[in-house]
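Structure, as structure tokens:
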Amino acid sequence: MKHYLSLIPISAKVRKRQNRMTLLCIIISVLLVTTIFSMADMAIRMEKTRVIESHGNWHVMLKEPSDQQVEEIAQRPDVVAAQRYDGLNFDLSQDYSIQGKTCVIVGADDQILTKIYDDLTEGSCPSNEGEILLSNRSKELLHVKVGDQIPLHTPSEEYPYTISGFGGDVTISTDADVVGAFVSWDAFQDLAQAEGYESMPVCFVRFSENANPRKVITELQQTYGFTAENLSENTALLGLTGFSSDPYVMGLYLVAAILFVLVLAAGVFMIAGSLNSRTAERTQFFWDAPLYRRKPSTDHAHRPAGGALLV
């Protein structure tokens, strides 16, 4: 052996078991970090899907916006949809019914069941004032189908409608024999006026995937004067995407950041410690190798430090 590089295969052969342990430590560290964050990402995706299904795919809700505000917001490039929504008889205290079954009537823009809620299961949304969409349970309660004629009984009079489709059940209709009815926004406005109801609509706003929700919300507040009283956030959805301003969610962000640093540091320290240990062992191995031979010399001025000369 005339060169230190010749010691590498010898060192690897002598410390084969230690090399395997070092490699195993590195692999475990990398897999630990990768697995944890892969599972976290998968869990976030699944939870986001569940939140959208249960709460809707909207980011903020505006209370009683003007028609002009809704139109301007809908035209923004960072907004996918801005849909108005209002309802009658949510407390079931008035005489609204269809074929003897208590009825809750909601009115909204046409994309409320496709872009905000994925609730259209059969047929189509009402396209004119003579069409109505019923909740899914209505097929069992009323024994009706798409295209059937049904009367809507209100405290003042009776209105004929044609069933255009079926959609998701409103929350209250899943727990009682209540029919959920959906009509177009214009039809709802006319019905509310005829019934003497003062409409107090809300507007669901869904941002585009590439938009910064916090920036858009700030711009809406500055442009239209919305405050915390008339602008509500979908905390669950914004929280999963990291843009919620809710104090509780912000606390969860802090905990997640601390855990991220701890897991990452554990992996780095494990790998670094293993590499440092192996480096020290190899250095000692090379230092003890018989590549140096000592022989006396009378020339102390030119003698290398340590008193060894290469043969």
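Each chain in the structure tokens gets a letter, A, B and so on, in the order shown; residues start at 1 in every chain, and ligands are counted from 1 in the order they appear.
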
key: Every residue of region 67-150 of chain A that DSSP places in helix (DSSP H, G or I), as a list in words   = Asp67, Gln68, Gln69, Val70, Glu71, Glu72, Ile73, Ala74, Ile112, Leu113, Thr114, Lys115, Ile116, Ser138, Lys139, Glu140, Leu141 and Leu142 of chain A

Write out the residues from the selection above, keeping C-alpha atoms, as a short mmCIF file (atom, residue, chain, number, x, y, z; two decimals), in the first residue's frame.
data_model
loop_
_atom_site.label_atom_id
_atom_site.label_comp_id
_atom_site.auth_asym_id
_atom_site.auth_seq_id
_atom_site.Cartn_x
_atom_site.Cartn_y
_atom_site.Cartn_z
CA ASP A 67 -76.36 43.78 -6.39
CA GLN A 68 -73.63 46.06 -7.75
CA GLN A 69 -71.13 44.79 -5.21
CA VAL A 70 -71.94 41.17 -6.06
CA GLU A 71 -71.51 41.84 -9.80
CA GLU A 72 -68.19 43.64 -9.31
CA ILE A 73 -66.82 40.95 -7.02
CA ALA A 74 -67.87 38.19 -9.42
CA ILE A 112 -74.79 27.71 -5.99
CA LEU A 113 -75.27 23.94 -6.45
CA THR A 114 -72.29 23.45 -8.75
CA LYS A 115 -69.50 25.87 -7.75
CA ILE A 116 -70.24 26.56 -4.09
CA SER A 138 -88.49 14.69 -1.45
CA LYS A 139 -88.56 11.79 -3.88
CA GLU A 140 -89.39 9.46 -1.00
CA LEU A 141 -91.64 11.86 0.90
CA LEU A 142 -93.66 13.07 -2.10
#

* Find the spatial neighbours of Lys101 (chain A), counting only C-alpha atoms, within a cut-off of 10 Å - ignore same-chain residues fewer than 4 positions away - and output them as JSON, numbers by chain. => {"A": [95, 96, 97, 138, 141, 142, 153, 177, 178, 179, 180]}

All heavy atoms of the current selection, written as an mmCIF file, in the first residue's frame:
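Generated output (part-v1.cif):
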data_model
loop_
_atom_site.group_PDB
_atom_site.id
_atom_site.type_symbol
_atom_site.label_atom_id
_atom_site.label_comp_id
_atom_site.auth_asym_id
_atom_site.auth_seq_id
_atom_site.Cartn_x
_atom_site.Cartn_y
_atom_site.Cartn_z
ATOM 1 N N ASP A 95 -96.687 28.722 7.381
ATOM 2 C CA ASP A 95 -97.408 27.698 6.618
ATOM 3 C C ASP A 95 -96.909 27.643 5.174
ATOM 4 O O ASP A 95 -97.588 28.077 4.241
ATOM 5 C CB ASP A 95 -98.916 27.990 6.660
ATOM 6 C CG ASP A 95 -99.731 26.877 6.007
ATOM 7 O OD1 ASP A 95 -99.184 25.760 5.864
ATOM 8 O OD2 ASP A 95 -100.889 27.128 5.642
ATOM 9 N N TYR A 96 -95.705 27.110 4.995
ATOM 10 C CA TYR A 96 -95.176 26.838 3.659
ATOM 11 C C TYR A 96 -95.125 25.319 3.526
ATOM 12 O O TYR A 96 -94.503 24.629 4.346
ATOM 13 C CB TYR A 96 -93.773 27.411 3.481
ATOM 14 C CG TYR A 96 -93.737 28.921 3.364
ATOM 15 C CD1 TYR A 96 -93.638 29.724 4.492
ATOM 16 C CD2 TYR A 96 -93.788 29.540 2.119
ATOM 17 C CE1 TYR A 96 -93.599 31.108 4.383
ATOM 18 C CE2 TYR A 96 -93.757 30.927 1.998
ATOM 19 C CZ TYR A 96 -93.661 31.694 3.135
ATOM 20 O OH TYR A 96 -93.622 33.064 3.035
ATOM 21 N N SER A 97 -95.753 24.778 2.480
ATOM 22 C CA SER A 97 -95.812 23.325 2.353
ATOM 23 C C SER A 97 -95.950 22.905 0.897
ATOM 24 O O SER A 97 -96.372 23.695 0.032
ATOM 25 C CB SER A 97 -96.986 22.756 3.170
ATOM 26 O OG SER A 97 -98.218 23.248 2.665
ATOM 27 N N SER A 138 -87.148 14.412 -0.948
ATOM 28 C CA SER A 138 -88.495 14.691 -1.449
ATOM 29 C C SER A 138 -89.014 13.571 -2.345
ATOM 30 O O SER A 138 -90.228 13.347 -2.422
ATOM 31 C CB SER A 138 -88.503 16.011 -2.234
ATOM 32 O OG SER A 138 -88.052 17.077 -1.421
ATOM 33 N N LEU A 141 -90.524 11.281 0.151
ATOM 34 C CA LEU A 141 -91.642 11.864 0.895
ATOM 35 C C LEU A 141 -92.842 12.156 0.005
ATOM 36 O O LEU A 141 -93.991 11.961 0.408
ATOM 37 C CB LEU A 141 -91.178 13.160 1.589
ATOM 38 C CG LEU A 141 -90.137 13.008 2.696
ATOM 39 C CD1 LEU A 141 -89.700 14.382 3.186
ATOM 40 C CD2 LEU A 141 -90.705 12.185 3.856
ATOM 41 N N LEU A 142 -92.570 12.632 -1.221
ATOM 42 C CA LEU A 142 -93.657 13.073 -2.102
ATOM 43 C C LEU A 142 -93.912 12.121 -3.257
ATOM 44 O O LEU A 142 -94.923 12.272 -3.969
ATOM 45 C CB LEU A 142 -93.338 14.468 -2.653
ATOM 46 C CG LEU A 142 -93.020 15.559 -1.619
ATOM 47 C CD1 LEU A 142 -92.681 16.870 -2.314
ATOM 48 C CD2 LEU A 142 -94.189 15.747 -0.660
ATOM 49 N N HIS A 153 -97.625 25.698 -1.505
ATOM 50 C CA HIS A 153 -98.617 26.405 -0.694
ATOM 51 C C HIS A 153 -97.905 27.363 0.253
ATOM 52 O O HIS A 153 -97.002 26.977 0.990
ATOM 53 C CB HIS A 153 -99.473 25.420 0.099
ATOM 54 C CG HIS A 153 -100.472 26.085 0.983
ATOM 55 N ND1 HIS A 153 -101.667 26.594 0.508
ATOM 56 C CD2 HIS A 153 -100.471 26.355 2.325
ATOM 57 C CE1 HIS A 153 -102.355 27.122 1.502
ATOM 58 N NE2 HIS A 153 -101.642 27.000 2.621
ATOM 59 N N ASP A 177 -89.400 15.433 8.595
ATOM 60 C CA ASP A 177 -90.128 15.295 7.335
ATOM 61 C C ASP A 177 -90.353 16.679 6.735
ATOM 62 O O ASP A 177 -91.485 17.176 6.654
ATOM 63 C CB ASP A 177 -91.458 14.585 7.573
ATOM 64 C CG ASP A 177 -91.261 13.118 7.893
ATOM 65 O OD1 ASP A 177 -90.178 12.595 7.577
ATOM 66 O OD2 ASP A 177 -92.175 12.512 8.460
ATOM 67 N N VAL A 178 -89.265 17.278 6.330
ATOM 68 C CA VAL A 178 -89.309 18.631 5.768
ATOM 69 C C VAL A 178 -88.780 18.583 4.346
ATOM 70 O O VAL A 178 -87.751 17.955 4.073
ATOM 71 C CB VAL A 178 -88.480 19.616 6.609
ATOM 72 C CG1 VAL A 178 -88.489 21.008 5.981
ATOM 73 C CG2 VAL A 178 -89.014 19.675 8.032
ATOM 74 N N VAL A 179 -89.464 19.241 3.446
ATOM 75 C CA VAL A 179 -89.055 19.304 2.051
ATOM 76 C C VAL A 179 -88.210 20.560 1.833
ATOM 77 O O VAL A 179 -88.611 21.658 2.218
ATOM 78 C CB VAL A 179 -90.279 19.324 1.117
ATOM 79 C CG1 VAL A 179 -89.840 19.519 -0.336
ATOM 80 C CG2 VAL A 179 -91.076 18.043 1.273
ATOM 81 N N GLY A 180 -87.055 20.388 1.236
ATOM 82 C CA GLY A 180 -86.221 21.525 0.856
ATOM 83 C C GLY A 180 -86.491 21.896 -0.584
ATOM 84 O O GLY A 180 -86.457 21.036 -1.472
#

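Using only C-alpha atoms, the residues found no farther than 10 Å from Asp119 (chain A), other than those of its own chain fewer than 6 positions away, are A:Glu53, A:Gly56, A:Ile112, A:Leu113, A:Ser135, A:Asn136, A:Phe166, A:Gly167, A:Gly168, A:Asp169, A:Val170.
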
Serialized selection, all heavy atoms, as a PDB file, in the first residue's frame:
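Produced file out_26.pdb, reproduced below:
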ATOM      1  N   GLU A  53     -67.319  19.174   1.212  1.00  0.00           N
ATOM      2  CA  GLU A  53     -68.572  18.436   1.080  1.00  0.00           C
ATOM      3  C   GLU A  53     -69.593  18.853   2.136  1.00  0.00           C
ATOM      4  O   GLU A  53     -70.794  18.895   1.862  1.00  0.00           O
ATOM      5  CB  GLU A  53     -68.298  16.935   1.183  1.00  0.00           C
ATOM      6  CG  GLU A  53     -67.559  16.369  -0.026  1.00  0.00           C
ATOM      7  CD  GLU A  53     -67.259  14.897   0.136  1.00  0.00           C
ATOM      8  OE1 GLU A  53     -67.505  14.359   1.252  1.00  0.00           O
ATOM      9  OE2 GLU A  53     -66.777  14.272  -0.817  1.00  0.00           O
ATOM     10  N   GLY A  56     -69.236  23.444   2.144  1.00  0.00           N
ATOM     11  CA  GLY A  56     -69.258  24.186   0.888  1.00  0.00           C
ATOM     12  C   GLY A  56     -67.886  24.702   0.494  1.00  0.00           C
ATOM     13  O   GLY A  56     -67.002  24.914   1.334  1.00  0.00           O
ATOM     14  N   ILE A 112     -74.956  28.005  -7.413  1.00  0.00           N
ATOM     15  CA  ILE A 112     -74.795  27.708  -5.993  1.00  0.00           C
ATOM     16  C   ILE A 112     -74.665  26.203  -5.745  1.00  0.00           C
ATOM     17  O   ILE A 112     -74.002  25.757  -4.805  1.00  0.00           O
ATOM     18  CB  ILE A 112     -75.986  28.275  -5.177  1.00  0.00           C
ATOM     19  CG1 ILE A 112     -75.669  28.292  -3.676  1.00  0.00           C
ATOM     20  CG2 ILE A 112     -77.247  27.489  -5.459  1.00  0.00           C
ATOM     21  CD1 ILE A 112     -74.721  29.346  -3.252  1.00  0.00           C
ATOM     22  N   LEU A 113     -75.301  25.390  -6.621  1.00  0.00           N
ATOM     23  CA  LEU A 113     -75.271  23.938  -6.451  1.00  0.00           C
ATOM     24  C   LEU A 113     -74.153  23.265  -7.235  1.00  0.00           C
ATOM     25  O   LEU A 113     -74.023  22.039  -7.197  1.00  0.00           O
ATOM     26  CB  LEU A 113     -76.608  23.327  -6.873  1.00  0.00           C
ATOM     27  CG  LEU A 113     -77.827  23.720  -6.031  1.00  0.00           C
ATOM     28  CD1 LEU A 113     -79.087  23.106  -6.601  1.00  0.00           C
ATOM     29  CD2 LEU A 113     -77.641  23.314  -4.587  1.00  0.00           C
ATOM     30  N   SER A 135     -85.207  18.801  -2.607  1.00  0.00           N
ATOM     31  CA  SER A 135     -84.179  18.021  -1.924  1.00  0.00           C
ATOM     32  C   SER A 135     -84.333  16.536  -2.251  1.00  0.00           C
ATOM     33  O   SER A 135     -85.409  16.072  -2.644  1.00  0.00           O
ATOM     34  CB  SER A 135     -84.264  18.246  -0.413  1.00  0.00           C
ATOM     35  OG  SER A 135     -85.558  17.922   0.061  1.00  0.00           O
ATOM     36  N   ASN A 136     -83.259  15.779  -2.078  1.00  0.00           N
ATOM     37  CA  ASN A 136     -83.271  14.367  -2.453  1.00  0.00           C
ATOM     38  C   ASN A 136     -84.326  13.564  -1.699  1.00  0.00           C
ATOM     39  O   ASN A 136     -84.942  12.656  -2.261  1.00  0.00           O
ATOM     40  CB  ASN A 136     -81.883  13.760  -2.193  1.00  0.00           C
ATOM     41  CG  ASN A 136     -80.841  14.295  -3.157  1.00  0.00           C
ATOM     42  OD1 ASN A 136     -81.092  14.421  -4.342  1.00  0.00           O
ATOM     43  ND2 ASN A 136     -79.664  14.605  -2.642  1.00  0.00           N
ATOM     44  N   PHE A 166     -83.225  17.414  -8.640  1.00  0.00           N
ATOM     45  CA  PHE A 166     -83.104  17.134  -7.197  1.00  0.00           C
ATOM     46  C   PHE A 166     -81.678  17.422  -6.764  1.00  0.00           C
ATOM     47  O   PHE A 166     -80.719  17.208  -7.523  1.00  0.00           O
ATOM     48  CB  PHE A 166     -83.468  15.681  -6.894  1.00  0.00           C
ATOM     49  CG  PHE A 166     -84.910  15.348  -7.169  1.00  0.00           C
ATOM     50  CD1 PHE A 166     -85.291  14.814  -8.394  1.00  0.00           C
ATOM     51  CD2 PHE A 166     -85.888  15.590  -6.222  1.00  0.00           C
ATOM     52  CE1 PHE A 166     -86.604  14.505  -8.662  1.00  0.00           C
ATOM     53  CE2 PHE A 166     -87.221  15.288  -6.476  1.00  0.00           C
ATOM     54  CZ  PHE A 166     -87.580  14.746  -7.702  1.00  0.00           C
ATOM     55  N   GLY A 167     -81.552  17.892  -5.525  1.00  0.00           N
ATOM     56  CA  GLY A 167     -80.224  18.242  -5.013  1.00  0.00           C
ATOM     57  C   GLY A 167     -80.074  17.879  -3.560  1.00  0.00           C
ATOM     58  O   GLY A 167     -80.902  17.177  -2.976  1.00  0.00           O
ATOM     59  N   GLY A 168     -78.971  18.374  -2.968  1.00  0.00           N
ATOM     60  CA  GLY A 168     -78.656  18.053  -1.587  1.00  0.00           C
ATOM     61  C   GLY A 168     -79.719  18.533  -0.625  1.00  0.00           C
ATOM     62  O   GLY A 168     -80.360  19.564  -0.823  1.00  0.00           O
ATOM     63  N   ASP A 169     -79.893  17.772   0.440  1.00  0.00           N
ATOM     64  CA  ASP A 169     -80.869  18.138   1.464  1.00  0.00           C
ATOM     65  C   ASP A 169     -80.358  19.305   2.291  1.00  0.00           C
ATOM     66  O   ASP A 169     -79.188  19.339   2.667  1.00  0.00           O
ATOM     67  CB  ASP A 169     -81.131  16.952   2.399  1.00  0.00           C
ATOM     68  CG  ASP A 169     -81.768  15.788   1.677  1.00  0.00           C
ATOM     69  OD1 ASP A 169     -82.824  15.988   1.067  1.00  0.00           O
ATOM     70  OD2 ASP A 169     -81.193  14.693   1.715  1.00  0.00           O
ATOM     71  N   VAL A 170     -81.214  20.251   2.578  1.00  0.00           N
ATOM     72  CA  VAL A 170     -80.847  21.297   3.528  1.00  0.00           C
ATOM     73  C   VAL A 170     -80.720  20.654   4.899  1.00  0.00           C
ATOM     74  O   VAL A 170     -81.290  19.597   5.161  1.00  0.00           O
ATOM     75  CB  VAL A 170     -81.899  22.436   3.559  1.00  0.00           C
ATOM     76  CG1 VAL A 170     -81.940  23.152   2.236  1.00  0.00           C
ATOM     77  CG2 VAL A 170     -83.270  21.890   3.914  1.00  0.00           C
TER      78      VAL A 170
END

CA of His143 (chain A) to CA of Glu157 (chain A) measures 23.3 Å

Atom pair CA of Phe226 (chain A) + CA of Asp91 (chain A), distance 27.7 Å

What's the 7 Å shell around Ile105 (chain A), counting only C-alpha atoms, without same-chain residues fewer than 4 positions away, as a PDB file with all heavy atoms, in the first residue's frame?
ATOM      1  N   GLY A  87     -83.438  32.632   2.148  1.00  0.00           N
ATOM      2  CA  GLY A  87     -84.440  31.590   2.340  1.00  0.00           C
ATOM      3  C   GLY A  87     -85.653  32.047   3.116  1.00  0.00           C
ATOM      4  O   GLY A  87     -85.648  33.087   3.775  1.00  0.00           O
ATOM      5  N   LEU A  88     -86.698  31.246   3.020  1.00  0.00           N
ATOM      6  CA  LEU A  88     -87.956  31.476   3.733  1.00  0.00           C
ATOM      7  C   LEU A  88     -88.284  30.269   4.604  1.00  0.00           C
ATOM      8  O   LEU A  88     -88.035  29.122   4.225  1.00  0.00           O
ATOM      9  CB  LEU A  88     -89.105  31.701   2.738  1.00  0.00           C
ATOM     10  CG  LEU A  88     -89.099  32.999   1.922  1.00  0.00           C
ATOM     11  CD1 LEU A  88     -90.161  32.924   0.824  1.00  0.00           C
ATOM     12  CD2 LEU A  88     -89.354  34.195   2.823  1.00  0.00           C
ATOM     13  N   ASN A  89     -88.837  30.539   5.787  1.00  0.00           N
ATOM     14  CA  ASN A  89     -89.354  29.529   6.699  1.00  0.00           C
ATOM     15  C   ASN A  89     -88.267  28.614   7.260  1.00  0.00           C
ATOM     16  O   ASN A  89     -88.491  27.413   7.471  1.00  0.00           O
ATOM     17  CB  ASN A  89     -90.431  28.681   5.995  1.00  0.00           C
ATOM     18  CG  ASN A  89     -91.326  27.957   6.991  1.00  0.00           C
ATOM     19  OD1 ASN A  89     -91.584  28.444   8.089  1.00  0.00           O
ATOM     20  ND2 ASN A  89     -91.810  26.779   6.592  1.00  0.00           N
ATOM     21  N   GLY A 180     -87.055  20.388   1.236  1.00  0.00           N
ATOM     22  CA  GLY A 180     -86.221  21.525   0.856  1.00  0.00           C
ATOM     23  C   GLY A 180     -86.491  21.896  -0.584  1.00  0.00           C
ATOM     24  O   GLY A 180     -86.457  21.036  -1.472  1.00  0.00           O
ATOM     25  N   ALA A 181     -86.801  23.164  -0.853  1.00  0.00           N
ATOM     26  CA  ALA A 181     -87.113  23.624  -2.210  1.00  0.00           C
ATOM     27  C   ALA A 181     -86.149  24.735  -2.612  1.00  0.00           C
ATOM     28  O   ALA A 181     -85.807  25.596  -1.803  1.00  0.00           O
ATOM     29  CB  ALA A 181     -88.555  24.122  -2.298  1.00  0.00           C
ATOM     30  N   PHE A 182     -85.729  24.696  -3.862  1.00  0.00           N
ATOM     31  CA  PHE A 182     -84.767  25.667  -4.388  1.00  0.00           C
ATOM     32  C   PHE A 182     -85.343  26.293  -5.650  1.00  0.00           C
ATOM     33  O   PHE A 182     -85.751  25.586  -6.578  1.00  0.00           O
ATOM     34  CB  PHE A 182     -83.450  24.953  -4.702  1.00  0.00           C
ATOM     35  CG  PHE A 182     -82.407  25.800  -5.356  1.00  0.00           C
ATOM     36  CD1 PHE A 182     -81.455  26.480  -4.605  1.00  0.00           C
ATOM     37  CD2 PHE A 182     -82.357  25.925  -6.742  1.00  0.00           C
ATOM     38  CE1 PHE A 182     -80.492  27.261  -5.217  1.00  0.00           C
ATOM     39  CE2 PHE A 182     -81.403  26.693  -7.355  1.00  0.00           C
ATOM     40  CZ  PHE A 182     -80.463  27.367  -6.591  1.00  0.00           C
TER      41      PHE A 182
END

Query raised in the report: So which one's closest to Met61 (chain A), A:Arg137, A:Arg45, A:Arg84, A:Arg76? Using only C-alpha atoms, please.
Result: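 Of A:Arg137, A:Arg45, A:Arg84, A:Arg76, the one nearest Met61 (chain A) is A:Arg84, counting only C-alpha atoms.
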
Between A:Gln189, A:Gln75, A:Thr241, A:Ser232, smallest distance to Asp41 (chain A) by only C-alpha atoms belongs to A:Thr241

* Choose the residue, out of A:Thr102, A:Tyr224, A:Asn234, A:Glu209, that has the smallest atom-to-atom separation from Ser54 (chain A); count only C-alpha atoms. =>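 Ranking A:Thr102, A:Tyr224, A:Asn234, A:Glu209 by distance to Ser54 (chain A), first place goes to A:Asn234.
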
*asked:* Among region 55-151 of chain A, which ones does DSSP assign to strand (DSSP E) (computed from the backbone)? Answer as a PyMOL selection string.
replied: chain A and resi 60-63+79-88+97-98+101-108+120-123+131-135+149-151

- Item | Of the listed residues A:Ile132, A:Ile163, A:Leu32, A:Val146, that which approaches Ser184 (chain A) most closely, counting only C-alpha atoms |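 Closest to Ser184 (chain A), using only C-alpha atoms: A:Ile132.
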